[in-house]
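Note: the block below is my_file.cif and it holds mmCIF, C-alpha atoms.
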data_structure
loop_
_atom_site.group_PDB
_atom_site.id
_atom_site.type_symbol
_atom_site.label_atom_id
_atom_site.label_comp_id
_atom_site.auth_asym_id
_atom_site.auth_seq_id
_atom_site.Cartn_x
_atom_site.Cartn_y
_atom_site.Cartn_z
ATOM 1 C CA MET D 1173 35.168 305.279 -45.920
ATOM 2 C CA HIS D 1174 35.470 305.255 -42.138
ATOM 3 C CA ALA D 1175 33.715 301.979 -41.363
ATOM 4 C CA ASN D 1176 36.836 299.945 -40.536
ATOM 5 C CA ARG D 1177 38.329 302.536 -38.176
ATOM 6 C CA LEU D 1178 34.986 303.100 -36.457
ATOM 7 C CA ALA D 1179 34.375 299.357 -36.126
ATOM 8 C CA ALA D 1180 37.839 298.863 -34.586
ATOM 9 C CA GLU D 1181 37.219 301.621 -32.028
ATOM 10 C CA LEU D 1182 33.839 300.110 -31.108
ATOM 11 C CA GLY D 1183 35.121 296.537 -31.006
ATOM 12 C CA ILE D 1184 32.948 295.381 -33.895
ATOM 13 C CA PRO D 1185 34.665 292.378 -35.527
ATOM 14 C CA VAL D 1186 32.987 292.440 -38.989
ATOM 15 C CA VAL D 1187 31.968 295.259 -41.298
ATOM 16 C CA VAL D 1188 29.573 294.478 -44.131
ATOM 17 C CA VAL D 1189 29.506 296.951 -47.017
ATOM 18 C CA PRO D 1190 26.987 296.111 -49.736
ATOM 19 C CA PRO D 1191 27.924 297.113 -53.301
ATOM 20 C CA SER D 1192 24.831 299.309 -53.683
ATOM 21 C CA PRO D 1193 23.768 300.407 -50.201
ATOM 22 C CA GLY D 1194 20.554 302.179 -49.404
ATOM 23 C CA VAL D 1195 17.270 302.728 -51.140
ATOM 24 C CA ALA D 1196 18.016 306.407 -51.680
ATOM 25 C CA SER D 1197 21.533 305.843 -52.958
ATOM 26 C CA ALA D 1198 23.095 307.609 -55.905
ATOM 27 C CA MET D 1199 22.850 304.353 -57.861
ATOM 28 C CA GLY D 1200 19.096 304.209 -57.300
ATOM 29 C CA MET D 1201 18.722 307.777 -58.479
ATOM 30 C CA LEU D 1202 20.708 307.091 -61.630
ATOM 31 C CA ILE D 1203 18.774 303.997 -62.696
ATOM 32 C CA SER D 1204 15.265 305.088 -61.684
ATOM 33 C CA ASP D 1205 12.747 305.590 -64.424
ATOM 34 C CA LEU D 1206 11.695 309.180 -65.052
ATOM 35 C CA ARG D 1207 8.130 310.062 -64.132
ATOM 36 C CA HIS D 1208 6.011 313.080 -64.952
ATOM 37 C CA ASP D 1209 2.462 313.597 -63.709
ATOM 38 C CA TYR D 1210 0.131 315.946 -65.541
ATOM 39 C CA ARG D 1211 -3.255 316.748 -64.033
ATOM 40 C CA ILE D 1212 -5.844 319.462 -64.331
ATOM 41 C CA THR D 1213 -9.110 319.946 -62.492
ATOM 42 C CA ARG D 1214 -12.121 319.951 -64.808
ATOM 43 C CA LEU D 1215 -15.303 319.561 -62.779
ATOM 44 C CA THR D 1216 -17.774 318.306 -65.380
ATOM 45 C CA ASP D 1217 -20.435 315.690 -65.913
ATOM 46 C CA LEU D 1218 -19.372 312.469 -67.563
ATOM 47 C CA GLY D 1219 -21.094 312.634 -70.908
ATOM 48 C CA PRO D 1220 -20.392 312.509 -74.615
ATOM 49 C CA THR D 1221 -20.644 316.291 -75.025
ATOM 50 C CA GLY D 1222 -17.407 316.831 -73.104
ATOM 51 C CA PHE D 1223 -15.215 314.282 -74.885
ATOM 52 C CA ASP D 1224 -13.731 316.783 -77.340
ATOM 53 C CA ALA D 1225 -12.465 318.960 -74.477
ATOM 54 C CA LEU D 1226 -11.066 315.925 -72.619
ATOM 55 C CA ASN D 1227 -9.332 314.667 -75.755
ATOM 56 C CA GLU D 1228 -7.734 318.109 -76.257
ATOM 57 C CA ILE D 1229 -6.428 318.016 -72.682
ATOM 58 C CA TYR D 1230 -4.957 314.557 -73.221
ATOM 59 C CA GLU D 1231 -3.340 315.632 -76.503
ATOM 60 C CA ASP D 1232 -1.777 318.639 -74.751
ATOM 61 C CA PHE D 1233 -0.528 316.450 -71.891
ATOM 62 C CA GLU D 1234 0.930 313.887 -74.304
ATOM 63 C CA SER D 1235 2.741 316.584 -76.243
ATOM 64 C CA LYS D 1236 4.211 318.007 -73.024
ATOM 65 C CA ALA D 1237 5.167 314.541 -71.782
ATOM 66 C CA PHE D 1238 6.985 313.526 -74.967
ATOM 67 C CA GLY D 1239 8.710 316.922 -75.060
ATOM 68 C CA ASP D 1240 9.770 316.839 -71.396
ATOM 69 C CA LEU D 1241 11.057 313.274 -71.591
ATOM 70 C CA SER D 1242 12.824 313.931 -74.902
ATOM 71 C CA ASN D 1243 14.609 316.876 -73.265
ATOM 72 C CA GLU D 1244 15.735 314.430 -70.585
ATOM 73 C CA GLY D 1245 17.164 312.048 -73.181
ATOM 74 C CA VAL D 1246 14.351 309.472 -73.316
ATOM 75 C CA ASP D 1247 13.425 308.141 -76.759
ATOM 76 C CA ARG D 1248 9.724 308.062 -77.606
ATOM 77 C CA GLU D 1249 9.669 304.240 -77.764
ATOM 78 C CA ASN D 1250 10.783 304.159 -74.109
ATOM 79 C CA VAL D 1251 7.804 306.213 -72.912
ATOM 80 C CA THR D 1252 4.686 304.693 -71.363
ATOM 81 C CA LEU D 1253 1.559 306.797 -70.925
ATOM 82 C CA GLU D 1254 -1.299 306.100 -68.523
ATOM 83 C CA HIS D 1255 -4.471 308.174 -68.959
ATOM 84 C CA TYR D 1256 -6.953 308.503 -66.114
ATOM 85 C CA LEU D 1257 -9.946 310.401 -64.806
ATOM 86 C CA ASP D 1258 -10.607 311.116 -61.136
ATOM 87 C CA MET D 1259 -14.356 310.533 -60.897
ATOM 88 C CA ARG D 1260 -17.139 310.453 -58.319
ATOM 89 C CA TYR D 1261 -20.873 310.318 -57.941
ATOM 90 C CA VAL D 1262 -22.314 313.836 -58.135
ATOM 91 C CA GLY D 1263 -22.284 315.309 -54.627
ATOM 92 C CA GLN D 1264 -19.621 312.977 -53.197
ATOM 93 C CA SER D 1265 -16.480 314.366 -51.610
ATOM 94 C CA TRP D 1266 -14.053 311.603 -52.605
ATOM 95 C CA THR D 1267 -12.937 310.462 -56.036
ATOM 96 C CA LEU D 1268 -11.723 307.262 -57.601
ATOM 97 C CA ARG D 1269 -8.975 307.150 -60.202
ATOM 98 C CA ILE D 1270 -10.334 305.394 -63.281
ATOM 99 C CA PRO D 1271 -7.904 304.376 -66.038
ATOM 100 C CA THR D 1272 -9.032 305.466 -69.467
ATOM 101 C CA PRO D 1273 -8.032 304.116 -72.861
ATOM 102 C CA SER D 1274 -5.128 305.784 -74.616
ATOM 103 C CA GLU D 1275 -7.311 306.087 -77.709
ATOM 104 C CA ARG D 1276 -9.584 309.092 -78.098
ATOM 105 C CA LEU D 1277 -12.574 309.110 -75.784
ATOM 106 C CA THR D 1278 -15.796 308.551 -77.688
ATOM 107 C CA GLU D 1279 -19.463 308.071 -76.920
ATOM 108 C CA ASP D 1280 -18.964 304.345 -77.562
ATOM 109 C CA ARG D 1281 -16.489 304.192 -74.683
ATOM 110 C CA LEU D 1282 -18.823 306.008 -72.273
ATOM 111 C CA ALA D 1283 -20.593 302.844 -71.089
ATOM 112 C CA LYS D 1284 -17.232 301.170 -70.375
ATOM 113 C CA LEU D 1285 -16.044 304.154 -68.291
ATOM 114 C CA GLU D 1286 -19.292 304.148 -66.324
ATOM 115 C CA SER D 1287 -19.086 300.410 -65.740
ATOM 116 C CA THR D 1288 -15.461 300.620 -64.651
ATOM 117 C CA PHE D 1289 -16.330 303.387 -62.187
ATOM 118 C CA HIS D 1290 -19.255 301.463 -60.673
ATOM 119 C CA ASP D 1291 -17.145 298.291 -60.339
ATOM 120 C CA SER D 1292 -14.296 300.233 -58.740
ATOM 121 C CA HIS D 1293 -16.671 302.042 -56.369
ATOM 122 C CA HIS D 1294 -18.236 298.748 -55.306
ATOM 123 C CA GLN D 1295 -14.811 297.202 -54.728
ATOM 124 C CA SER D 1296 -13.582 300.232 -52.742
ATOM 125 C CA TYR D 1297 -16.692 301.091 -50.726
ATOM 126 C CA GLY D 1298 -18.898 298.002 -50.829
ATOM 127 C CA TYR D 1299 -21.668 299.511 -52.916
ATOM 128 C CA SER D 1300 -22.366 301.198 -56.229
ATOM 129 C CA VAL D 1301 -25.350 303.039 -57.649
ATOM 130 C CA PRO D 1302 -25.624 302.395 -61.386
ATOM 131 C CA GLY D 1303 -27.758 305.055 -63.010
ATOM 132 C CA GLU D 1304 -26.625 307.733 -60.557
ATOM 133 C CA PRO D 1305 -24.966 310.664 -62.382
ATOM 134 C CA LEU D 1306 -21.171 310.722 -62.423
ATOM 135 C CA GLU D 1307 -18.787 313.632 -62.650
ATOM 136 C CA ILE D 1308 -15.172 314.096 -63.556
ATOM 137 C CA VAL D 1309 -13.037 316.047 -61.115
ATOM 138 C CA ASN D 1310 -9.526 315.699 -62.585
ATOM 139 C CA VAL D 1311 -8.093 314.701 -65.937
ATOM 140 C CA GLY D 1312 -4.633 313.182 -65.688
ATOM 141 C CA LEU D 1313 -1.755 311.580 -67.474
ATOM 142 C CA LEU D 1314 1.176 309.691 -65.987
ATOM 143 C CA ALA D 1315 4.218 309.536 -68.272
ATOM 144 C CA VAL D 1316 7.077 307.160 -67.468
ATOM 145 C CA GLY D 1317 10.355 307.238 -69.358
ATOM 146 C CA ARG D 1318 12.250 303.989 -68.930
ATOM 147 C CA ALA D 1319 15.884 304.650 -68.079
ATOM 148 C CA PRO D 1320 18.581 302.256 -69.303
ATOM 149 C CA LYS D 1321 19.698 299.856 -66.588
ATOM 150 C CA PRO D 1322 23.429 299.270 -66.235
ATOM 151 C CA ARG D 1323 24.962 295.839 -65.986
ATOM 152 C CA LEU D 1324 26.605 295.649 -62.594
ATOM 153 C CA GLU D 1325 29.818 293.744 -62.165
ATOM 154 C CA ASN D 1326 29.988 290.998 -59.597
ATOM 155 C CA VAL D 1327 32.087 292.264 -56.673
ATOM 156 C CA PRO D 1328 34.176 289.541 -54.989
ATOM 157 C CA ASP D 1329 33.805 289.068 -51.254
ATOM 158 C CA GLY D 1330 36.342 290.977 -49.198
ATOM 159 C CA VAL D 1331 38.602 289.311 -46.674
ATOM 160 C CA GLY D 1332 40.164 290.604 -43.508
ATOM 161 C CA ALA D 1333 39.977 294.054 -42.016
ATOM 162 C CA ARG D 1334 41.871 297.002 -43.386
ATOM 163 C CA SER D 1335 42.313 300.177 -41.433
#

Take the structure in this file and express it as structure tokens.
Amino acid sequence: MHANRLAAELGIPVVVVPPSPGVASAMGMLISDLRHDYRITRLTDLGPTGFDALNEIYEDFESKAFGDLSNEGVDRENVTLEHYLDMRYVGQSWTLRIPTPSERLTEDRLAKLESTFHDSHHQSYGYSVPGEPLEIVNVGLLAVGRAPKPRLENVPDGVGARS
């Protein structure tokens, strides 16, 4: 709004005004996808006996996510869910976020979760200890509601200075 007058006072010959300035602009806020994170701490061993409780947590999170995003005007088909467990070796202080399948957790999927953890631990820290007991620290769900993206008109280049 004041760029031309300010530029004239400072002796700046050219003012460049992009059509959508700034990362934190109002436009960016309006077209950003909506994101909700749901997480609860459940310090437990990774084992088949706890899958029912984990599945109940995920079902509760999914219900909340679809409800929250629906209240914000996002249709169910525009929602993406990412399930995860924050896991560690028993006794460790740090955790690794391990993606889990969106299907119900079952005993059949236990070996895959363990393998994924060991691979991720080796990649992150340079070693893994297969056979060492694992524990879950957090159960989480990331829900993303895709917002419609507007078609922006092409703005012609300006010419000359106006004050």

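Of note, CA of Ile1212 in chain D and CA of Asn1243 in chain D are spaced 22.5 Å apart.
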
**OP:** Please write the residues picked by the PyMOL selection byres ((chain D and resi 1238) around 12) on this file as a ChimeraX atom specification.
**Re:** /D:1206-1208,1210,1231-1237,1239-1253,1313-1317

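Summary of the local environment: counting only C-alpha atoms, residues at most 7 Å from Pro1271 in chain D, other than itself and those fewer than 4 positions away along its chain, are His1255, Tyr1256 and Leu1257 of chain D.
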
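Minimum distance to His1294 in chain D across D:Arg1177, D:Thr1216, D:Leu1268, D:Met1199 (counting only C-alpha atoms) occurs at D:Leu1268.
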
Original post:
Could you write out as a ChimeraX atom specification the residues that the PyMOL selection byres ((chain D and resi 1279) around 12) matches in the shown file?
Top reply: /D:1218-1224,1276-1278,1280-1286

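As for CA of His1290 in chain D and CA of Val1311 in chain D, they are spaced 18.1 Å apart.
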
Original post:
CA of Asn1176 in chain D and CA of Glu1325 in chain D are how many Å apart?
Top reply: 23.6 Å

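The smallest atom-to-atom distance between Thr1213 in chain D and any of D:Glu1228, D:Asp1258, D:Glu1275, D:Glu1304, using all atoms listed in the file, is found for D:Asp1258.
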